[in-house]
Amino acid sequence: MAEYINTFLFGIYPYIAIFVMIVGSILRYDQNPYSWKADSSQLLHSKGLRLGNNLFHIGILLLFIGHFVGLLTPHWVYEPFISAGQKQILAMSAGGLFGSMAFVGMSILIWRRTTQDRVRATTKFMDMAILLILFVQLILGMLTIPVSAKHLDGSSMIALAEWAQHIVTFRGGAADFIMDEALIFKLHIFLGLTIFLIFPFTRLVHMVSAPLKYLLRSGYQVVRKR
Ligand code: HEM
Ligand code: HEM
């Protein structure tokens with residue numbers, strides 16, 4: 001039974017989540033293109049936004065790159081340069097640093113969204129929900145660090161990377177790699193996949209369009225005082 005659930009959660013659910021993310025995003029853009037944005041709240045209350053938002057975004061973008069490269073680079077590519085154990089320590093320290101930045105930034109953003117009336121009034125259910133879900137995901141990610149510290153040979157990291165690489169290359173048996181890993185990794189991966197699943201229904205869609213828009217424009221949406 002445990003094996004069946006494991007195969008469903010880590011072998012099949014990833015494809016459901018990615019499918020909903022892609023199809024849902026296409027449908028949202030097609031049906032309601034003007035909803036495709038992060039809904040700026042700078043005009044309502046700018047205090048704490050710049051610092052919180054910058055710390056959060058820098059932290060989370062570096063984590064994103066770290067996850068992408070760390071999980072999807074095959075072992076044989078980095079083996080000549082860095083051992084699995086060293087890579088594990090790199091992931092833990094870089095991830096710990098960027099995670100802490102994101103943590104401070106998110107705390108400011110959550111404080112702002114819950115205490116500032118004008119921001120709270122325009123906050124949709126999903127805006128708050130996604131902020132809190134990302135916060136929980138960040139905490140789960142940080143909690144993997146002490147668990148990883150117990151086996152610094154990198155064996156867990158290799159198993160987790162094998163899982164991710166088997167998923168993205170449509171090879172069978174991906175879930176078997178995680179079967180015996182610690183619960184904290186499983187919770188973190190499950191919630192991560194759930195974030196993919198709900199992506200089209202949240203303001204997270206801005207991460208596809210925002211970089212383009214902000215490269216072509218300059219800085220934030222410009223809000224001038226009279
Ligand atoms: C790719 C580059 C990205 C750019 C240029 C960008 C830009 C922005 C901007 C301009 C805002 C609105 C700030 C305001 O209220 O005025 C925002 C909000 C937000 N972004 Fe991003 N973003 C990016 C990536 C991401 C990523 C990767 C995530 C999470 C995985 C993310 C999560 C959020 C969240 C949760 C908010 C709302 C924060 C709040 O509650 O105030 N963003 N982003
Ligand atoms: C589907 C999405 C995600 C997957 C599959 C995933 C997977 C993982 C895995 C396997 C690790 C352990 C790495 C290791 O020890 O070798 C990890 C660590 C971590 N994750 Fe995620 N993650 C996801 C999304 C996120 C998000 C959205 C955040 C931030 C909100 C995050 C924050 C962290 C942090 C801070 C660590 C610990 C430091 C590190 O190893 O980089 N993760 N994640």
# chains A, B, ... in the order shown; residues from 1 in each chain; ligands from 1

$ closest_atom_pairs --of "range 125-213 of chain A" --to "range 96-118 of chain A" --cutoff "10 Å" --atoms "only C-alpha atoms" --output "JSON lines"
{"residue": "A:Asp127", "atom": "CA", "partner": "A:Arg113", "partner_atom": "CA", "distance": 9.3}
{"residue": "A:Met128", "atom": "CA", "partner": "A:Arg113", "partner_atom": "CA", "distance": 7.7}
{"residue": "A:Leu131", "atom": "CA", "partner": "A:Ile110", "partner_atom": "CA", "distance": 7.3}
{"residue": "A:Leu132", "atom": "CA", "partner": "A:Ile110", "partner_atom": "CA", "distance": 7.9}
{"residue": "A:Leu134", "atom": "CA", "partner": "A:Met106", "partner_atom": "CA", "distance": 8.8}
{"residue": "A:Phe135", "atom": "CA", "partner": "A:Met106", "partner_atom": "CA", "distance": 6.9}
{"residue": "A:Leu138", "atom": "CA", "partner": "A:Gly99", "partner_atom": "CA", "distance": 6.8}
{"residue": "A:Ile139", "atom": "CA", "partner": "A:Phe103", "partner_atom": "CA", "distance": 8.0}
{"residue": "A:Gly141", "atom": "CA", "partner": "A:Gly99", "partner_atom": "CA", "distance": 8.1}
{"residue": "A:Met142", "atom": "CA", "partner": "A:Gly96", "partner_atom": "CA", "distance": 6.6}
{"residue": "A:Leu143", "atom": "CA", "partner": "A:Gly96", "partner_atom": "CA", "distance": 9.7}
{"residue": "A:Thr144", "atom": "CA", "partner": "A:Gly96", "partner_atom": "CA", "distance": 9.9}
{"residue": "A:Ile145", "atom": "CA", "partner": "A:Gly96", "partner_atom": "CA", "distance": 7.5}

$ write_last_selection --atoms "C-alpha atoms" --output "CSV table (one decimal), in the first residue's frame"
chain,number,residue,atom,x,y,z
A,127,ASP,CA,-2.9,36.3,-2.9
A,128,MET,CA,-2.8,35.5,0.8
A,131,LEU,CA,2.1,33.8,0.0
A,132,LEU,CA,1.5,31.5,3.0
A,134,LEU,CA,5.3,29.6,-0.4
A,135,PHE,CA,6.2,30.4,3.2
A,138,LEU,CA,10.3,27.6,2.3
A,139,ILE,CA,10.2,26.4,5.9
A,141,GLY,CA,12.9,23.4,2.4
A,142,MET,CA,15.0,24.9,5.2
A,143,LEU,CA,14.1,21.9,7.5
A,144,THR,CA,15.6,19.5,4.9
A,145,ILE,CA,19.1,21.1,5.7

$ closest_atom_pairs --of "chain A" --to "ligand 1" --cutoff "8 Å" --atoms "only C-alpha atoms and all ligand atoms" --output "JSON lines"
{"residue": "A:Ala38", "atom": "CA", "partner": "ligand 1", "partner_atom_place_in_ligand_line": "12 (C)", "distance": 5.2}
{"residue": "A:Asp39", "atom": "CA", "partner": "ligand 1", "partner_atom_place_in_ligand_line": "15 (O)", "distance": 6.3}
{"residue": "A:Ser40", "atom": "CA", "partner": "ligand 1", "partner_atom_place_in_ligand_line": "15 (O)", "distance": 3.5}
{"residue": "A:Ser41", "atom": "CA", "partner": "ligand 1", "partner_atom_place_in_ligand_line": "15 (O)", "distance": 4.1}
{"residue": "A:Gln42", "atom": "CA", "partner": "ligand 1", "partner_atom_place_in_ligand_line": "16 (O)", "distance": 4.6}
{"residue": "A:Leu43", "atom": "CA", "partner": "ligand 1", "partner_atom_place_in_ligand_line": "16 (O)", "distance": 7.8}
{"residue": "A:Leu49", "atom": "CA", "partner": "ligand 1", "partner_atom_place_in_ligand_line": "41 (O)", "distance": 6.9}
{"residue": "A:Asn53", "atom": "CA", "partner": "ligand 1", "partner_atom_place_in_ligand_line": "38 (C)", "distance": 6.4}
{"residue": "A:Phe56", "atom": "CA", "partner": "ligand 1", "partner_atom_place_in_ligand_line": "32 (C)", "distance": 8.0}
{"residue": "A:His57", "atom": "CA", "partner": "ligand 1", "partner_atom_place_in_ligand_line": "25 (C)", "distance": 6.0}
{"residue": "A:Ile60", "atom": "CA", "partner": "ligand 1", "partner_atom_place_in_ligand_line": "27 (C)", "distance": 6.0}
{"residue": "A:Leu61", "atom": "CA", "partner": "ligand 1", "partner_atom_place_in_ligand_line": "27 (C)", "distance": 5.3}
{"residue": "A:Phe64", "atom": "CA", "partner": "ligand 1", "partner_atom_place_in_ligand_line": "27 (C)", "distance": 6.8}
{"residue": "A:Met106", "atom": "CA", "partner": "ligand 1", "partner_atom_place_in_ligand_line": "38 (C)", "distance": 7.9}
{"residue": "A:Leu109", "atom": "CA", "partner": "ligand 1", "partner_atom_place_in_ligand_line": "41 (O)", "distance": 5.3}
{"residue": "A:Ile110", "atom": "CA", "partner": "ligand 1", "partner_atom_place_in_ligand_line": "40 (O)", "distance": 6.7}
{"residue": "A:Arg112", "atom": "CA", "partner": "ligand 1", "partner_atom_place_in_ligand_line": "41 (O)", "distance": 7.7}
{"residue": "A:Arg113", "atom": "CA", "partner": "ligand 1", "partner_atom_place_in_ligand_line": "40 (O)", "distance": 6.4}
{"residue": "A:Asp127", "atom": "CA", "partner": "ligand 1", "partner_atom_place_in_ligand_line": "40 (O)", "distance": 6.3}
{"residue": "A:Met128", "atom": "CA", "partner": "ligand 1", "partner_atom_place_in_ligand_line": "40 (O)", "distance": 6.7}
{"residue": "A:Ile130", "atom": "CA", "partner": "ligand 1", "partner_atom_place_in_ligand_line": "35 (C)", "distance": 6.2}
{"residue": "A:Leu131", "atom": "CA", "partner": "ligand 1", "partner_atom_place_in_ligand_line": "35 (C)", "distance": 4.9}
{"residue": "A:Leu134", "atom": "CA", "partner": "ligand 1", "partner_atom_place_in_ligand_line": "30 (C)", "distance": 7.1}
{"residue": "A:Arg203", "atom": "CA", "partner": "ligand 1", "partner_atom_place_in_ligand_line": "34 (C)", "distance": 7.0}
{"residue": "A:Leu204", "atom": "CA", "partner": "ligand 1", "partner_atom_place_in_ligand_line": "32 (C)", "distance": 5.6}
{"residue": "A:His206", "atom": "CA", "partner": "ligand 1", "partner_atom_place_in_ligand_line": "22 (N)", "distance": 6.3}
{"residue": "A:Met207", "atom": "CA", "partner": "ligand 1", "partner_atom_place_in_ligand_line": "24 (C)", "distance": 4.3}
{"residue": "A:Val208", "atom": "CA", "partner": "ligand 1", "partner_atom_place_in_ligand_line": "1 (C)", "distance": 6.5}
{"residue": "A:Ser209", "atom": "CA", "partner": "ligand 1", "partner_atom_place_in_ligand_line": "1 (C)", "distance": 7.8}
{"residue": "A:Ala210", "atom": "CA", "partner": "ligand 1", "partner_atom_place_in_ligand_line": "5 (C)", "distance": 4.5}
{"residue": "A:Pro211", "atom": "CA", "partner": "ligand 1", "partner_atom_place_in_ligand_line": "5 (C)", "distance": 4.4}
{"residue": "A:Leu212", "atom": "CA", "partner": "ligand 1", "partner_atom_place_in_ligand_line": "5 (C)", "distance": 7.9}
{"residue": "A:Lys213", "atom": "CA", "partner": "ligand 1", "partner_atom_place_in_ligand_line": "5 (C)", "distance": 7.8}
{"residue": "A:Tyr214", "atom": "CA", "partner": "ligand 1", "partner_atom_place_in_ligand_line": "5 (C)", "distance": 6.0}
{"residue": "A:Tyr220", "atom": "CA", "partner": "ligand 1", "partner_atom_place_in_ligand_line": "10 (C)", "distance": 5.8}
{"residue": "A:Gln221", "atom": "CA", "partner": "ligand 1", "partner_atom_place_in_ligand_line": "16 (O)", "distance": 7.0}

$ write_last_selection --atoms "N, CA and C atoms" --output "JSON list (two decimals), in the first residue's frame"
[["chain", "number", "residue", "atom", "x", "y", "z"],
["A", 38, "ALA", "N", 0.77, 40.55, -11.44],
["A", 38, "ALA", "CA", 0.97, 40.32, -10.01],
["A", 38, "ALA", "C", 0.08, 41.23, -9.16],
["A", 39, "ASP", "N", -0.75, 42.10, -9.78],
["A", 39, "ASP", "CA", -1.61, 43.02, -9.03],
["A", 39, "ASP", "C", -0.82, 43.87, -8.04],
["A", 40, "SER", "N", -0.12, 44.86, -8.55],
["A", 40, "SER", "CA", 0.71, 45.68, -7.67],
["A", 40, "SER", "C", -0.11, 46.36, -6.57],
["A", 41, "SER", "N", 0.51, 46.48, -5.41],
["A", 41, "SER", "CA", -0.16, 47.14, -4.28],
["A", 41, "SER", "C", 0.67, 48.33, -3.81],
["A", 42, "GLN", "N", 1.66, 48.72, -4.65],
["A", 42, "GLN", "CA", 2.59, 49.78, -4.25],
["A", 42, "GLN", "C", 1.87, 51.10, -4.00],
["A", 43, "LEU", "N", 0.84, 51.34, -4.83],
["A", 43, "LEU", "CA", 0.09, 52.58, -4.76],
["A", 43, "LEU", "C", -0.63, 52.72, -3.42],
["A", 49, "LEU", "N", 7.48, 47.38, 1.25],
["A", 49, "LEU", "CA", 7.31, 46.59, 0.03],
["A", 49, "LEU", "C", 8.65, 46.39, -0.68],
["A", 53, "ASN", "N", 9.99, 42.83, -0.72],
["A", 53, "ASN", "CA", 9.83, 42.26, -2.05],
["A", 53, "ASN", "C", 11.19, 41.92, -2.67],
["A", 56, "PHE", "N", 12.81, 38.93, -0.78],
["A", 56, "PHE", "CA", 12.05, 37.72, -1.15],
["A", 56, "PHE", "C", 12.39, 37.28, -2.57],
["A", 57, "HIS", "N", 12.33, 38.22, -3.52],
["A", 57, "HIS", "CA", 12.56, 37.83, -4.92],
["A", 57, "HIS", "C", 13.99, 37.40, -5.20],
["A", 60, "ILE", "N", 14.34, 33.92, -3.61],
["A", 60, "ILE", "CA", 13.57, 32.86, -4.25],
["A", 60, "ILE", "C", 14.08, 32.58, -5.67],
["A", 61, "LEU", "N", 14.53, 33.63, -6.37],
["A", 61, "LEU", "CA", 15.05, 33.40, -7.73],
["A", 61, "LEU", "C", 16.35, 32.60, -7.68],
["A", 64, "PHE", "N", 15.48, 29.12, -6.93],
["A", 64, "PHE", "CA", 14.90, 28.53, -8.14],
["A", 64, "PHE", "C", 16.02, 28.03, -9.07],
["A", 106, "MET", "N", 9.83, 37.44, 3.07],
["A", 106, "MET", "CA", 8.43, 36.98, 3.15],
["A", 106, "MET", "C", 7.79, 37.41, 4.46],
["A", 109, "LEU", "N", 6.64, 40.83, 3.91],
["A", 109, "LEU", "CA", 5.47, 40.89, 3.01],
["A", 109, "LEU", "C", 4.20, 40.39, 3.71],
["A", 110, "ILE", "N", 4.35, 39.34, 4.51],
["A", 110, "ILE", "CA", 3.17, 38.80, 5.21],
["A", 110, "ILE", "C", 2.70, 39.80, 6.27],
["A", 112, "ARG", "N", 3.02, 42.98, 6.12],
["A", 112, "ARG", "CA", 2.41, 44.09, 5.40],
["A", 112, "ARG", "C", 1.00, 43.72, 4.95],
["A", 113, "ARG", "N", 0.87, 42.52, 4.44],
["A", 113, "ARG", "CA", -0.42, 42.11, 3.91],
["A", 113, "ARG", "C", -1.46, 41.85, 5.01],
["A", 127, "ASP", "N", -4.18, 35.52, -3.16],
["A", 127, "ASP", "CA", -2.93, 36.27, -2.94],
["A", 127, "ASP", "C", -2.33, 35.89, -1.59],
["A", 128, "MET", "N", -3.21, 35.83, -0.59],
["A", 128, "MET", "CA", -2.75, 35.48, 0.76],
["A", 128, "MET", "C", -2.38, 34.01, 0.79],
["A", 130, "ILE", "N", -1.31, 31.98, -1.55],
["A", 130, "ILE", "CA", -0.06, 31.59, -2.22],
["A", 130, "ILE", "C", 1.14, 32.09, -1.43],
["A", 131, "LEU", "N", 1.00, 33.25, -0.80],
["A", 131, "LEU", "CA", 2.10, 33.78, 0.02],
["A", 131, "LEU", "C", 2.37, 32.82, 1.19],
["A", 134, "LEU", "N", 3.84, 29.43, -0.08],
["A", 134, "LEU", "CA", 5.27, 29.57, -0.39],
["A", 134, "LEU", "C", 6.09, 29.64, 0.90],
["A", 203, "ARG", "N", -1.40, 34.60, -8.65],
["A", 203, "ARG", "CA", -0.64, 35.66, -9.29],
["A", 203, "ARG", "C", 0.76, 35.20, -9.71],
["A", 204, "LEU", "N", 1.11, 33.93, -9.39],
["A", 204, "LEU", "CA", 2.43, 33.44, -9.75],
["A", 204, "LEU", "C", 2.68, 33.49, -11.25],
["A", 206, "HIS", "N", 2.80, 35.82, -13.01],
["A", 206, "HIS", "CA", 3.64, 36.96, -13.38],
["A", 206, "HIS", "C", 5.10, 36.57, -13.59],
["A", 207, "MET", "N", 5.50, 35.40, -13.06],
["A", 207, "MET", "CA", 6.92, 35.06, -13.22],
["A", 207, "MET", "C", 7.27, 34.69, -14.67],
["A", 208, "VAL", "N", 6.25, 34.42, -15.47],
["A", 208, "VAL", "CA", 6.50, 34.15, -16.89],
["A", 208, "VAL", "C", 6.61, 35.47, -17.65],
["A", 209, "SER", "N", 5.68, 36.39, -17.36],
["A", 209, "SER", "CA", 5.61, 37.63, -18.14],
["A", 209, "SER", "C", 6.45, 38.76, -17.56],
["A", 210, "ALA", "N", 6.56, 38.79, -16.21],
["A", 210, "ALA", "CA", 7.24, 39.92, -15.57],
["A", 210, "ALA", "C", 8.67, 40.15, -16.05],
["A", 211, "PRO", "N", 9.48, 39.09, -16.19],
["A", 211, "PRO", "CA", 10.86, 39.35, -16.62],
["A", 211, "PRO", "C", 10.90, 40.05, -17.97],
["A", 212, "LEU", "N", 10.03, 39.64, -18.89],
["A", 212, "LEU", "CA", 10.02, 40.26, -20.22],
["A", 212, "LEU", "C", 9.64, 41.73, -20.09],
["A", 213, "LYS", "N", 8.53, 41.95, -19.34],
["A", 213, "LYS", "CA", 8.02, 43.30, -19.20],
["A", 213, "LYS", "C", 9.04, 44.20, -18.51],
["A", 214, "TYR", "N", 9.69, 43.66, -17.48],
["A", 214, "TYR", "CA", 10.60, 44.49, -16.70],
["A", 214, "TYR", "C", 11.96, 44.65, -17.36],
["A", 220, "TYR", "N", 10.29, 49.07, -11.41],
["A", 220, "TYR", "CA", 8.93, 48.74, -11.03],
["A", 220, "TYR", "C", 7.94, 49.55, -11.83],
["A", 221, "GLN", "N", 6.68, 49.22, -11.64],
["A", 221, "GLN", "CA", 5.62, 50.07, -12.16],
["A", 221, "GLN", "C", 5.87, 51.43, -11.52]]

$ select_by_dssp --residues "range 46-179 of chain A" --states "alpha helix (DSSP H)" --output "JSON, numbers by chain"
{"A": [49, 50, 51, 52, 53, 54, 55, 56, 57, 58, 59, 60, 61, 62, 63, 64, 65, 66, 67, 68, 69, 70, 71, 72, 75, 76, 77, 78, 84, 85, 86, 87, 88, 89, 90, 91, 92, 93, 94, 95, 96, 97, 98, 99, 100, 101, 102, 103, 104, 105, 106, 107, 108, 109, 110, 111, 112, 113, 114, 115, 117, 118, 119, 120, 121, 122, 125, 126, 127, 128, 129, 130, 131, 132, 133, 134, 135, 136, 137, 138, 139, 140, 141, 142, 143, 144, 145, 146, 147, 148, 155, 156, 157, 158, 159, 160, 161, 162, 163, 164, 165, 166, 167, 168]}

$ residues_around --residues "Leu140 in chain A" --least-positions-apart "4" --cutoff "7 Å" --atoms "only C-alpha atoms" --output "list in words"
Val136, Thr144, Ile184 and His188 of chain A

$ write_last_selection --atoms "C-alpha atoms" --output "short mmCIF file (atom, residue, chain, number, x, y, z; two decimals), in the first residue's frame"
data_model
loop_
_atom_site.label_atom_id
_atom_site.label_comp_id
_atom_site.auth_asym_id
_atom_site.auth_seq_id
_atom_site.Cartn_x
_atom_site.Cartn_y
_atom_site.Cartn_z
CA VAL A 136 5.41 26.90 4.40
CA THR A 144 15.64 19.54 4.95
CA ILE A 184 10.59 16.03 5.18
CA HIS A 188 8.62 19.45 0.51
#

$ atom_distance --atom1 "CA of Ser93 in chain A" --atom2 "CA of Pro80 in chain A"
21.2 Å

$ closest_residue --among "A:Ala91, A:Gly192, A:Gln137, A:Leu197" --to "Gly154 in chain A" --atoms "only C-alpha atoms"
A:Ala91
